[in-house]
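> Below is data.cif; it holds mmCIF, C-alpha atoms.
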```cif
data_upload
#
loop_
_atom_site.label_atom_id
_atom_site.label_comp_id
_atom_site.auth_asym_id
_atom_site.auth_seq_id
_atom_site.Cartn_x
_atom_site.Cartn_y
_atom_site.Cartn_z
CA GLN A 1 -263.31 -26.75 -109.84
CA MET A 2 -266.17 -27.71 -112.13
CA THR A 3 -268.53 -24.93 -113.16
CA VAL A 4 -271.27 -23.90 -115.61
CA PHE A 5 -270.42 -21.13 -118.03
CA PRO A 6 -272.88 -18.39 -119.16
CA ASP A 7 -273.64 -20.38 -122.33
CA ASP A 8 -274.79 -23.30 -120.09
CA SER A 9 -271.76 -25.43 -121.06
CA GLU A 10 -269.88 -27.27 -118.35
CA GLY A 11 -266.18 -26.78 -117.79
CA TRP A 12 -263.38 -26.37 -115.31
CA LEU A 13 -261.94 -23.28 -113.64
CA ASN A 14 -258.70 -22.85 -111.79
CA THR A 15 -259.50 -20.32 -109.07
CA LEU A 16 -256.95 -18.22 -107.21
CA LYS A 17 -258.02 -15.81 -104.44
CA ALA A 18 -255.91 -13.00 -102.95
CA PRO A 19 -256.69 -10.31 -100.31
CA PHE A 20 -257.32 -6.74 -101.43
CA ARG A 21 -255.84 -4.11 -99.09
CA ASP A 22 -256.35 -0.40 -98.78
CA HIS A 23 -253.62 2.22 -98.33
CA THR A 24 -253.26 1.34 -94.66
CA GLY A 25 -252.77 -2.35 -95.38
CA ARG A 26 -256.17 -3.34 -94.04
CA ILE A 27 -257.97 -6.10 -95.95
CA VAL A 28 -261.08 -4.61 -97.45
CA GLY A 29 -261.95 -7.31 -99.95
CA ILE A 30 -260.94 -10.38 -101.91
CA ILE A 31 -259.69 -10.52 -105.49
CA THR A 32 -260.68 -13.68 -107.33
CA TYR A 33 -258.81 -14.91 -110.44
CA ASN A 34 -260.54 -17.55 -112.57
CA ARG A 35 -258.71 -19.29 -115.40
CA ASP A 36 -260.51 -21.59 -117.81
CA VAL A 37 -258.68 -24.97 -117.77
CA THR A 38 -261.38 -26.97 -119.54
CA GLU A 39 -259.17 -27.71 -122.55
CA GLN A 40 -256.30 -28.96 -120.38
CA LYS A 41 -258.68 -31.20 -118.44
CA ARG A 42 -260.09 -32.65 -121.66
CA ASN A 43 -256.61 -33.27 -123.05
CA ALA A 44 -255.58 -35.05 -119.85
CA ALA A 45 -258.69 -37.21 -120.03
CA VAL A 46 -257.98 -38.11 -123.67
CA LYS A 47 -254.38 -39.00 -122.79
CA ASN A 48 -255.43 -41.23 -119.92
CA GLU A 49 -258.02 -42.95 -122.09
CA PHE A 50 -255.42 -43.49 -124.82
CA ILE A 51 -252.93 -45.01 -122.38
CA ALA A 52 -255.61 -47.30 -120.97
CA THR A 53 -256.58 -48.44 -124.47
CA ILE A 54 -252.97 -49.09 -125.50
CA SER A 55 -252.31 -51.01 -122.30
CA HIS A 56 -255.38 -53.19 -122.84
CA GLU A 57 -255.17 -53.71 -126.60
CA LEU A 58 -251.41 -54.22 -126.94
CA ARG A 59 -250.47 -56.04 -123.75
CA THR A 60 -251.01 -59.52 -125.24
CA PRO A 61 -249.38 -58.83 -128.64
CA LEU A 62 -246.38 -57.20 -126.96
CA THR A 63 -245.96 -60.21 -124.72
CA SER A 64 -245.90 -62.49 -127.75
CA ILE A 65 -243.28 -60.46 -129.63
CA ARG A 66 -241.07 -59.74 -126.62
CA GLY A 67 -239.07 -62.87 -127.38
CA SER A 68 -238.40 -61.64 -130.91
CA LEU A 69 -237.34 -58.21 -129.65
CA GLY A 70 -235.01 -59.91 -127.19
CA LEU A 71 -233.42 -61.84 -130.04
CA ILE A 72 -232.98 -58.66 -132.07
CA THR A 73 -231.34 -56.96 -129.09
CA GLU A 74 -229.06 -59.93 -128.53
CA ARG A 75 -227.93 -59.92 -132.16
CA LEU A 76 -227.34 -56.17 -132.04
CA VAL A 77 -225.14 -56.57 -128.95
CA LEU A 78 -223.21 -59.38 -130.65
CA LEU A 79 -222.67 -57.25 -133.74
CA ILE A 80 -221.38 -54.31 -131.69
CA ASN A 81 -219.05 -56.57 -129.69
CA ASP A 82 -217.71 -58.17 -132.87
CA ILE A 83 -217.07 -54.79 -134.49
CA LEU A 84 -215.27 -53.54 -131.37
CA ASP A 85 -213.14 -56.71 -131.19
CA LEU A 86 -212.24 -56.40 -134.86
CA GLU A 87 -211.24 -52.75 -134.43
CA LYS A 88 -209.05 -53.64 -131.43
CA LEU A 89 -207.36 -56.45 -133.33
CA GLU A 90 -206.67 -54.37 -136.41
CA SER A 91 -205.35 -51.45 -134.38
CA GLY A 92 -203.20 -53.69 -132.19
CA LYS A 93 -205.03 -52.60 -129.04
CA MET A 94 -206.33 -56.02 -128.01
CA PRO A 95 -204.12 -57.37 -125.21
CA PHE A 96 -202.81 -60.96 -125.27
CA ASP A 97 -201.67 -62.75 -122.14
CA LEU A 98 -199.66 -65.80 -123.24
CA GLN A 99 -199.39 -68.46 -120.56
CA ARG A 100 -198.50 -72.13 -120.38
CA THR A 101 -201.90 -73.80 -120.78
CA ARG A 102 -203.29 -77.32 -120.70
CA LEU A 103 -205.61 -77.47 -123.68
CA ARG A 104 -208.14 -80.07 -122.56
CA PRO A 105 -209.54 -78.04 -119.62
CA LEU A 106 -209.76 -74.99 -121.88
CA LEU A 107 -211.83 -76.89 -124.46
CA GLU A 108 -213.97 -78.46 -121.73
CA GLN A 109 -214.84 -74.96 -120.54
CA ALA A 110 -215.72 -73.87 -124.08
CA ILE A 111 -217.96 -76.93 -124.49
CA ALA A 112 -219.69 -76.28 -121.16
CA ALA A 113 -220.30 -72.64 -122.12
CA SER A 114 -221.86 -73.76 -125.43
CA SER A 115 -224.03 -76.53 -124.01
CA SER A 116 -227.07 -74.25 -123.60
CA TYR A 117 -226.84 -72.77 -127.11
CA MET A 118 -229.94 -73.52 -129.24
CA PRO A 119 -231.25 -76.30 -126.96
CA GLU A 120 -234.18 -76.93 -129.29
CA ARG A 121 -231.77 -78.58 -131.76
CA ARG A 122 -230.74 -81.18 -129.15
CA VAL A 123 -227.15 -81.30 -130.45
CA THR A 124 -224.64 -83.35 -128.45
CA ILE A 125 -221.07 -82.05 -128.09
CA ARG A 126 -218.41 -84.67 -127.34
CA LEU A 127 -214.68 -84.37 -126.70
CA VAL A 128 -212.10 -86.77 -128.15
CA ASP A 129 -208.68 -86.34 -126.51
CA GLU A 130 -205.92 -88.08 -128.47
CA ALA A 131 -203.14 -86.14 -126.73
CA PRO A 132 -203.73 -86.16 -122.95
CA ASP A 133 -202.07 -83.36 -120.97
CA ILE A 134 -200.78 -81.60 -124.08
CA GLU A 135 -199.92 -77.94 -123.56
CA ALA A 136 -199.35 -74.78 -125.55
CA LYS A 137 -198.37 -71.22 -124.81
CA THR A 138 -201.53 -69.27 -125.48
CA ASP A 139 -204.07 -66.74 -124.23
CA THR A 140 -206.89 -68.78 -122.69
CA ASN A 141 -209.54 -66.07 -123.04
CA ARG A 142 -208.80 -65.42 -126.72
CA LEU A 143 -208.59 -69.11 -127.61
CA HIS A 144 -211.85 -69.68 -125.74
CA GLN A 145 -213.38 -66.94 -127.90
CA VAL A 146 -212.26 -68.76 -131.06
CA PHE A 147 -213.77 -72.07 -130.01
CA ALA A 148 -216.95 -70.45 -128.77
CA ASN A 149 -217.40 -69.25 -132.36
CA PHE A 150 -216.54 -72.67 -133.82
CA LEU A 151 -218.97 -74.43 -131.49
CA SER A 152 -221.86 -72.02 -132.00
CA ASN A 153 -221.48 -72.37 -135.77
CA ALA A 154 -221.28 -76.16 -135.51
CA VAL A 155 -224.44 -76.36 -133.40
CA LYS A 156 -226.26 -73.86 -135.61
CA PHE A 157 -225.54 -75.78 -138.80
CA SER A 158 -225.96 -79.28 -137.36
CA PRO A 159 -229.09 -81.34 -137.98
CA VAL A 160 -231.52 -81.82 -135.11
CA ASP A 161 -230.23 -84.54 -132.73
CA GLY A 162 -226.82 -84.29 -134.40
CA THR A 163 -223.38 -84.60 -132.84
CA VAL A 164 -220.52 -82.10 -132.77
CA THR A 165 -217.07 -83.56 -132.10
CA VAL A 166 -214.19 -81.62 -130.56
CA THR A 167 -210.81 -83.31 -131.04
CA ILE A 168 -207.34 -82.68 -129.60
CA ALA A 169 -204.46 -84.42 -131.40
CA ARG A 170 -200.76 -84.04 -132.07
CA LEU A 171 -199.81 -82.82 -135.51
CA GLY A 172 -196.32 -84.05 -136.33
CA GLU A 173 -193.73 -83.63 -133.61
CA ASP A 174 -194.07 -79.97 -132.74
CA TRP A 175 -197.71 -78.97 -133.17
CA VAL A 176 -201.12 -79.65 -131.68
CA ARG A 177 -204.39 -79.55 -133.62
CA MET A 178 -207.75 -78.73 -132.02
CA SER A 179 -210.75 -79.23 -134.27
CA VAL A 180 -214.54 -78.91 -134.21
CA SER A 181 -216.55 -81.13 -136.59
CA ASP A 182 -220.26 -81.03 -137.38
CA GLN A 183 -222.62 -83.25 -139.39
CA GLY A 184 -224.39 -80.50 -141.29
CA GLN A 185 -224.30 -79.59 -144.94
CA GLY A 186 -220.87 -78.73 -146.25
CA ILE A 187 -219.75 -75.22 -147.09
CA PRO A 188 -220.75 -74.21 -150.64
CA GLU A 189 -217.86 -74.23 -153.11
CA SER A 190 -218.49 -70.60 -154.08
CA PHE A 191 -218.15 -69.45 -150.47
CA ARG A 192 -215.03 -71.32 -149.37
CA LYS A 193 -212.50 -68.72 -150.53
CA ARG A 194 -214.38 -65.94 -148.75
CA ILE A 195 -215.18 -67.73 -145.50
CA PHE A 196 -212.67 -65.82 -143.35
CA GLY A 197 -213.60 -62.44 -144.83
CA LYS A 198 -215.35 -59.65 -142.95
CA PHE A 199 -219.17 -59.69 -142.93
CA GLU A 200 -219.15 -62.78 -145.11
CA GLN A 201 -222.00 -65.29 -144.93
CA ALA A 202 -222.88 -68.21 -147.16
CA ASP A 203 -226.45 -66.91 -147.31
CA ALA A 204 -226.35 -63.12 -147.34
CA THR A 205 -230.04 -62.60 -148.15
CA ASP A 206 -232.42 -60.82 -145.77
CA ASN A 207 -234.48 -63.98 -145.25
CA ARG A 208 -231.59 -66.28 -144.36
CA GLN A 209 -232.47 -68.94 -141.78
CA LYS A 210 -229.14 -68.86 -139.91
CA GLY A 211 -228.26 -65.71 -137.96
CA GLY A 212 -224.85 -64.22 -137.34
CA THR A 213 -222.78 -61.10 -137.95
CA GLY A 214 -220.38 -62.53 -140.52
CA LEU A 215 -217.43 -61.36 -138.41
CA GLY A 216 -216.82 -64.33 -136.12
CA LEU A 217 -214.51 -66.33 -138.37
CA SER A 218 -212.61 -63.23 -139.45
CA ILE A 219 -211.96 -62.39 -135.79
CA ALA A 220 -211.04 -66.02 -135.04
CA LYS A 221 -208.49 -66.05 -137.87
CA THR A 222 -206.83 -62.86 -136.65
CA ILE A 223 -206.68 -64.10 -133.05
CA VAL A 224 -205.15 -67.45 -134.03
CA GLU A 225 -202.51 -65.79 -136.19
CA LYS A 226 -201.59 -63.40 -133.36
CA LEU A 227 -201.22 -66.46 -131.11
CA GLY A 228 -198.63 -67.80 -133.55
CA GLY A 229 -200.96 -70.47 -134.89
CA LYS A 230 -202.78 -71.48 -138.05
CA ILE A 231 -206.48 -71.79 -138.81
CA GLY A 232 -208.20 -73.79 -141.52
CA PHE A 233 -211.14 -76.01 -142.42
CA ASP A 234 -212.10 -79.15 -144.31
CA THR A 235 -215.53 -79.61 -145.85
CA GLY A 236 -217.45 -81.72 -148.30
CA ASP A 237 -221.05 -82.38 -149.25
CA THR A 238 -221.75 -83.36 -145.63
CA GLY A 239 -219.92 -82.19 -142.55
CA THR A 240 -217.37 -79.44 -141.90
CA THR A 241 -214.33 -79.37 -139.63
CA PHE A 242 -212.64 -76.17 -138.45
CA HIS A 243 -209.23 -76.56 -136.86
CA VAL A 244 -206.61 -74.52 -135.04
CA ASP A 245 -202.94 -75.56 -135.02
CA LEU A 246 -200.65 -74.25 -132.28
CA PRO A 247 -197.00 -74.99 -131.45
CA GLU A 248 -196.81 -77.61 -128.73
CA LEU A 249 -195.14 -76.68 -125.46
CA VAL A 250 -192.95 -79.53 -124.21
CA ALA A 251 -190.64 -79.98 -121.22
CA ARG A 252 -186.90 -79.62 -121.76
CA GLN A 253 -184.97 -82.86 -121.38
CA ASN A 254 -182.56 -81.44 -118.75
CA ASP A 255 -185.09 -79.17 -117.06
CA PRO A 256 -188.52 -80.72 -116.49
CA ALA A 257 -189.78 -77.42 -115.16
CA GLY A 258 -188.82 -75.60 -118.33
CA VAL A 259 -190.52 -75.74 -121.70
CA ILE A 260 -189.65 -75.64 -125.36
CA ASP A 261 -191.69 -73.22 -127.39
CA HIS A 262 -191.75 -74.15 -131.09
CA ARG A 263 -193.07 -70.83 -132.30
CA PRO A 264 -190.80 -68.99 -134.78
CA ARG A 265 -188.15 -66.74 -133.21
CA VAL A 266 -186.23 -63.74 -134.49
CA LEU A 267 -182.54 -63.26 -133.63
CA VAL A 268 -181.58 -59.58 -133.22
CA CYS A 269 -177.85 -58.86 -133.70
CA GLU A 270 -176.32 -55.52 -132.70
CA ASP A 271 -172.73 -54.25 -133.11
CA GLU A 272 -172.61 -52.65 -129.66
CA ARG A 273 -170.20 -54.34 -127.23
CA ASP A 274 -172.62 -54.26 -124.31
#
```
Give the structure from the file, written as structure tokens.


Amino acid sequence: QMTVFPDDSEGWLNTLKAPFRDHTGRIVGIITYNRDVTEQKRNAAVKNEFIATISHELRTPLTSIRGSLGLITERLVLLINDILDLEKLESGKMPFDLQRTRLRPLLEQAIAASSSYMPERRVTIRLVDEAPDIEAKTDTNRLHQVFANFLSNAVKFSPVDGTVTVTIARLGEDWVRMSVSDQGQGIPESFRKRIFGKFEQADATDNRQKGGTGLGLSIAKTIVEKLGGKIGFDTGDTGTTFHVDLPELVARQNDPAGVIDHRPRVLVCEDERD
């Protein structure tokens, strides 16, 4: 309760009353305890005023930077995921589920998933299929991860209103090549030998305009090699193409339901009779 102290200053008291009993247990009076809580009340008032001021003064600025904080959070999550994927790959703990797979639907899904990436650049992604119904034995989720990286890079480095082209084509008799081409500036000569390295970026300065963890292509290379394929790129002053080559899966001549897998095999010979 509010009170006036002997020095005429105002303050607050926390009052507690208890009965006073004699030796027979009869109540003969009341004991009153008064504790000065003025300082606590003042501190609470200061805190409430501070919170009200912060809420009023910072609400608009915080709203304006929330988008930037969201981007920082998103990049942090991407970095953590990339590091975890890299650790799993290097330790052999990342599972691979190899299945007979039609490649066009897989790439169509990757394109659809990338269609909303950086919409302000208005980049068009088109698919050119020069090998209809071609198949390979691969892990769809891991290969999708590779092309998600290719496509995000292609969109990121493309000019505004540019076009990214995804192509499926046969490579010789036994292989299939899937490629992603952009119309941006080519990869600098000094960076080409390091492009599949860990944490490598063409512009590694703090004020670089293009974001990224520098791990995506290193992860993509490891995944493709574990799928029994090859990864590479072609670049010049304008435009870059990243490509993945996988062994084609074709039907056996005498068994249409079977397939021929052109990936390298190892013959194990043992001297045991059984």

> Restricting the calculation to only C-alpha atoms: of A:Gln1, A:Asn153, A:Gln183, A:Ser218, which residue gets closest to A:Gly236?

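Using only C-alpha atoms, A:Gly236 sits closest to A:Gln183.
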
> Mind pulling up the distance from atom CA of A:Asp139 to atom CA of A:Val164?

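Result for atom CA of A:Val164 versus atom CA of A:Asp139: 24.1 Å, one decimal.
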
> Written as an NGL selection string, what is the full residue list that the PyMOL selection byres ((chain A and resi 147) around 10) yields on the file shown?

:A and (106-107 or 109-111 or 114 or 142-146 or 148-153 or 166 or 178-180 or 220 or 242-244)

> Have a look at atom CA of A:Ala154 and atom CA of A:Val224 and let me know their distance in Å, one decimal.

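Value for the atom CA of A:Ala154-atom CA of A:Val224 distance: 18.4 Å.
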
> When you draw a straight line from atom CA of A:Gly239 to atom CA of A:Thr101, how long is it in Å?

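Atom CA of A:Gly239 sits 29.5 Å away from atom CA of A:Thr101.
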
> Could you tell me, as a list in words, exactly which residues end up selected when the PyMOL selection byres ((chain A and resi 177) around 9) is applied to this structure?

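Applied to this file, the PyMOL selection byres ((chain A and resi 177) around 9) returns Thr167, Ile168, Ala169, Arg170, Leu171, Trp175, Val176, Met178, Ser179, His243, Val244, Asp245, Leu246 and Pro247 of chain A.
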
> Quick one: residues within 7 Å of A:Thr235, all atoms listed in the file, excluding same-chain residues fewer than 6 positions away - as a list in words?

Gly186, Ile187 and Thr241 of chain A

> Between A:Asn81, A:Thr238, A:Ser91, A:Thr38, which one has atoms that come closest to A:Phe5, using all atoms listed in the file?

A:Thr38

> Return the single residue from A:Arg21, A:Arg192, A:Lys88, A:Lys198 that is closest to A:Ile223, with distances computed using all atoms listed in the file.

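So, comparing all the options, the nearest one is A:Lys88.
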
> Just so the selection is clear, what residues does the PyMOL selection byres ((chain A and resi 157) around 8) cover here, as a list in words?

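This file, filtered by the PyMOL selection byres ((chain A and resi 157) around 8), leaves Asn153, Ala154, Val155, Lys156, Ser158, Pro159, Asp182, Gly184, Gln185 and Lys210 of chain A.
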
> Taking 4 positions as the minimum chain separation for residues in the same chain, which residues sit within 9 Å of stretch 96-100 of chain A when counting only C-alpha atoms? Answer as a list in words.

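Once the adjacent positions are removed, what remains is Glu135, Ala136, Lys137, Thr138, Asp139, Thr140, Asn141, Arg142, Lys226, Leu227, Leu249 and Val259 of chain A.
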